[in-house]
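Encoded as structure tokens, the structure appears first; notes follow it.
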Amino acid sequence: MQTNFTAEQLSDSAVAESEKILRKCVHCGFCTATCPTFTLLGDELDSPRGRIYLIKDMLENSRPADARVVKHIDRCLSCLSCMTTCPSGVHYMHLVDHARAHIDKTYKRPLADRLLRELLAFVLPHPGRFRLALVGAFFARPMAGLLKTFGGSFAKLGAMLELAPAKAQGISHMAGPACFPAETGQRKGRVAILSGCAQPVLKPSINEATIRLLQRAGYEIVLPEGEGCCGALVHHMGKEEAALENARRNVDAWTREIEGEGLDAILITASGCGTTVKDYGFMLREDPVYAEKAERVSALTKDITEFLTGVELGEPAFAPNLTVAYHSACSMQHGQKITREPKDLLKAAGFVVKDVPEGHLCCGSAGTYNILQPELARKLRDRKVANIEKTAPDLVATGNIGCMTQIGTGSDLPIVHTAELLDWVYGGPVPEGLEQVYRL
């Protein structure tokens, strides 16, 4: 794609990076075939190619974002399916991230929209605040349907209430900061696990299962003091500085461990977080204090299934004889290019693993997308659930808490994290929700 940026514009490193990305686009349109919003809406501006044109025009003209640009960029899930499809290597993720930051700086949203976004940014990245908010959501949930009938921001509040779990989870007995020794006589390695923000509130059993599994395999696990939200939630809302603050805090926490007793890997159990943490090196590339440390952190970061493929787990304690529909989260298959490893691990554990038709299409979760774009998210969820049910599974496995929450609002099937299933088969407890499906 030909671009016409001035030398002055290109002196801004973010613009210069976007210009490099734009130049790689050859207008082929392959991305439209796998874009969820184009599939639903059929509007060129709701495809990656259309959004690229909008972003190019906005940046080249140094123009503040307008309502038309915001509408179509907001509809983007950042599922990154287009990056898997693109034959030219267009790094759409970095381009749309820049566009969102530009929107946040130059566009004044309607008051109700601003308030909702500020609320999400204030609550979700902080487990304590999120836990308190869920208490309120429990009592307000009966009003979700009524709020949705009013439309607009009320509908978004209704969607948010519907996502709130009916049952609150207690604080994990394995919550950090903490260190868990290897169970075997000889320690094989030492790893850190990201506790995260939403996951320890919604499903603390995921990290508990991961810790048990790794302990039995001979690893020491540390939950470092000072780490927290990876920054993805605010990053995808265009709040660049808040995202970088989260990244720096985590880099500091992990660097202390790296330079202390050492780390063989930094493990992520929510693939949405993994995509962001692996990008810390890029996000902090111009920070003279953090650039090198962030690059080191990104290089050490692995999804839990990516790491487990190189770990000796022993023999399964029993044969589960269950059929699993494996839902590959967008952040896993498109963001991190991890496709085979989770399925191989589940098959080795004795599960019959089924691929989901249209597996490349997003379930509609996408961070806060299912709150900010509830109608599109619902259509994508219903399509995903219908495709899952075509495989006639006993349960669904996935590696992202957002997907688990989203799919769970549209299906009665048990939805279990891959790490929980592996922990169970290799000696751990039955995951919550599977007690009735599997009777020992």
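In the structure tokens, chains take the letters A, B, ... in the order shown, each chain's residues start at 1, and ligands count up from 1 in the order shown.
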Do you have, as JSON lines, the list of residues of stretch 152-221 of chain A lying at most 10 Å from stretch 237-258 of chain A, each with its nearest atom pair and that distance in Å to one decimal, counting only C-alpha atoms and ordered by chain then number?
{"residue": "A:Arg190", "atom": "CA", "partner": "A:Glu257", "partner_atom": "CA", "distance": 9.8}
{"residue": "A:Val191", "atom": "CA", "partner": "A:Glu257", "partner_atom": "CA", "distance": 9.3}
{"residue": "A:Ala192", "atom": "CA", "partner": "A:Trp254", "partner_atom": "CA", "distance": 7.7}
{"residue": "A:Ile193", "atom": "CA", "partner": "A:Trp254", "partner_atom": "CA", "distance": 9.8}
{"residue": "A:Leu194", "atom": "CA", "partner": "A:Asn250", "partner_atom": "CA", "distance": 8.9}
Taking the DSSP secondary structure from the backbone, can you list the residues of stretch 266-427 of chain A that are strand (DSSP E), as a VMD selection string? chain A and resid 266 to 268 301 to 303 323 to 326 352 to 355 395 to 398 415 to 417
Given the selection you just returned, output its residues as a file containing C-alpha atoms, formatted as a PDB file, in the first residue's frame.
ATOM      1  CA  ILE A 266       6.847 -17.195  32.998  1.00  0.00           C
ATOM      2  CA  LEU A 267       3.633 -19.159  32.544  1.00  0.00           C
ATOM      3  CA  ILE A 268       0.272 -17.730  31.525  1.00  0.00           C
ATOM      4  CA  THR A 301       6.744 -16.128  28.556  1.00  0.00           C
ATOM      5  CA  LYS A 302       4.851 -19.261  27.543  1.00  0.00           C
ATOM      6  CA  ASP A 303       1.272 -20.406  27.608  1.00  0.00           C
ATOM      7  CA  THR A 323     -15.276 -36.436  24.175  1.00  0.00           C
ATOM      8  CA  VAL A 324     -13.936 -32.897  24.357  1.00  0.00           C
ATOM      9  CA  ALA A 325     -14.745 -30.081  21.947  1.00  0.00           C
ATOM     10  CA  TYR A 326     -11.583 -28.002  21.978  1.00  0.00           C
ATOM     11  CA  VAL A 352     -11.259 -37.826  22.465  1.00  0.00           C
ATOM     12  CA  VAL A 353     -10.669 -34.337  21.044  1.00  0.00           C
ATOM     13  CA  LYS A 354     -12.962 -32.798  18.435  1.00  0.00           C
ATOM     14  CA  ASP A 355     -12.221 -29.665  16.422  1.00  0.00           C
ATOM     15  CA  LEU A 395     -17.594 -31.006  27.612  1.00  0.00           C
ATOM     16  CA  VAL A 396     -15.715 -28.042  26.172  1.00  0.00           C
ATOM     17  CA  ALA A 397     -12.036 -27.344  26.830  1.00  0.00           C
ATOM     18  CA  THR A 398     -10.339 -24.021  26.291  1.00  0.00           C
ATOM     19  CA  ILE A 415     -16.588 -25.630  30.077  1.00  0.00           C
ATOM     20  CA  VAL A 416     -13.252 -26.501  31.635  1.00  0.00           C
ATOM     21  CA  HIS A 417      -9.762 -25.065  31.322  1.00  0.00           C
TER      22      HIS A 417
END
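Counting only C-alpha atoms, the residue from A:Gly226, A:Pro177, A:Gly335, A:Pro200 that sits nearest to A:Thr84 is A:Gly335.
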Selection: 7 Å around stretch 155-169 of chain A, only C-alpha atoms, excl. self and same-chain fewer than 6 positions, as a ChimeraX atom specification: /A:134,137-138,141,144-145,147-149,201-202,371-372,374,405,409
Saved selection, atoms kept: C-alpha atoms, as a short mmCIF file (atom, residue, chain, number, x, y, z; two decimals), in the first residue's frame:
data_model
loop_
_atom_site.label_atom_id
_atom_site.label_comp_id
_atom_site.auth_asym_id
_atom_site.auth_seq_id
_atom_site.Cartn_x
_atom_site.Cartn_y
_atom_site.Cartn_z
CA LEU A 134 -19.68 -8.98 41.57
CA ALA A 137 -23.99 -7.52 40.28
CA PHE A 138 -25.47 -10.60 41.97
CA ARG A 141 -28.76 -9.31 37.87
CA ALA A 144 -30.50 -7.25 33.25
CA GLY A 145 -33.39 -8.03 30.92
CA LEU A 147 -32.02 -2.73 31.14
CA LYS A 148 -31.47 -4.34 27.74
CA THR A 149 -34.91 -3.23 26.55
CA VAL A 201 -11.91 -13.89 40.87
CA LEU A 202 -14.00 -15.84 38.37
CA ILE A 371 -20.04 -5.68 27.23
CA LEU A 372 -19.29 -2.83 24.82
CA PRO A 374 -23.33 -6.89 23.20
CA THR A 405 -17.43 -17.01 30.59
CA THR A 409 -23.76 -17.86 28.99
#
Any idea what the distance is between atom CA of A:Ile103 and atom CA of A:Arg49?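 If I compute the distance from atom CA of A:Ile103 to atom CA of A:Arg49, I get 18.5 Å.
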Pull the alpha helix (DSSP H) assignments for stretch 93-131 of chain A out of DSSP run on the backbone, and list those residues as an MDAnalysis selection string. chainID A and resid 93:106 111:123 127:131
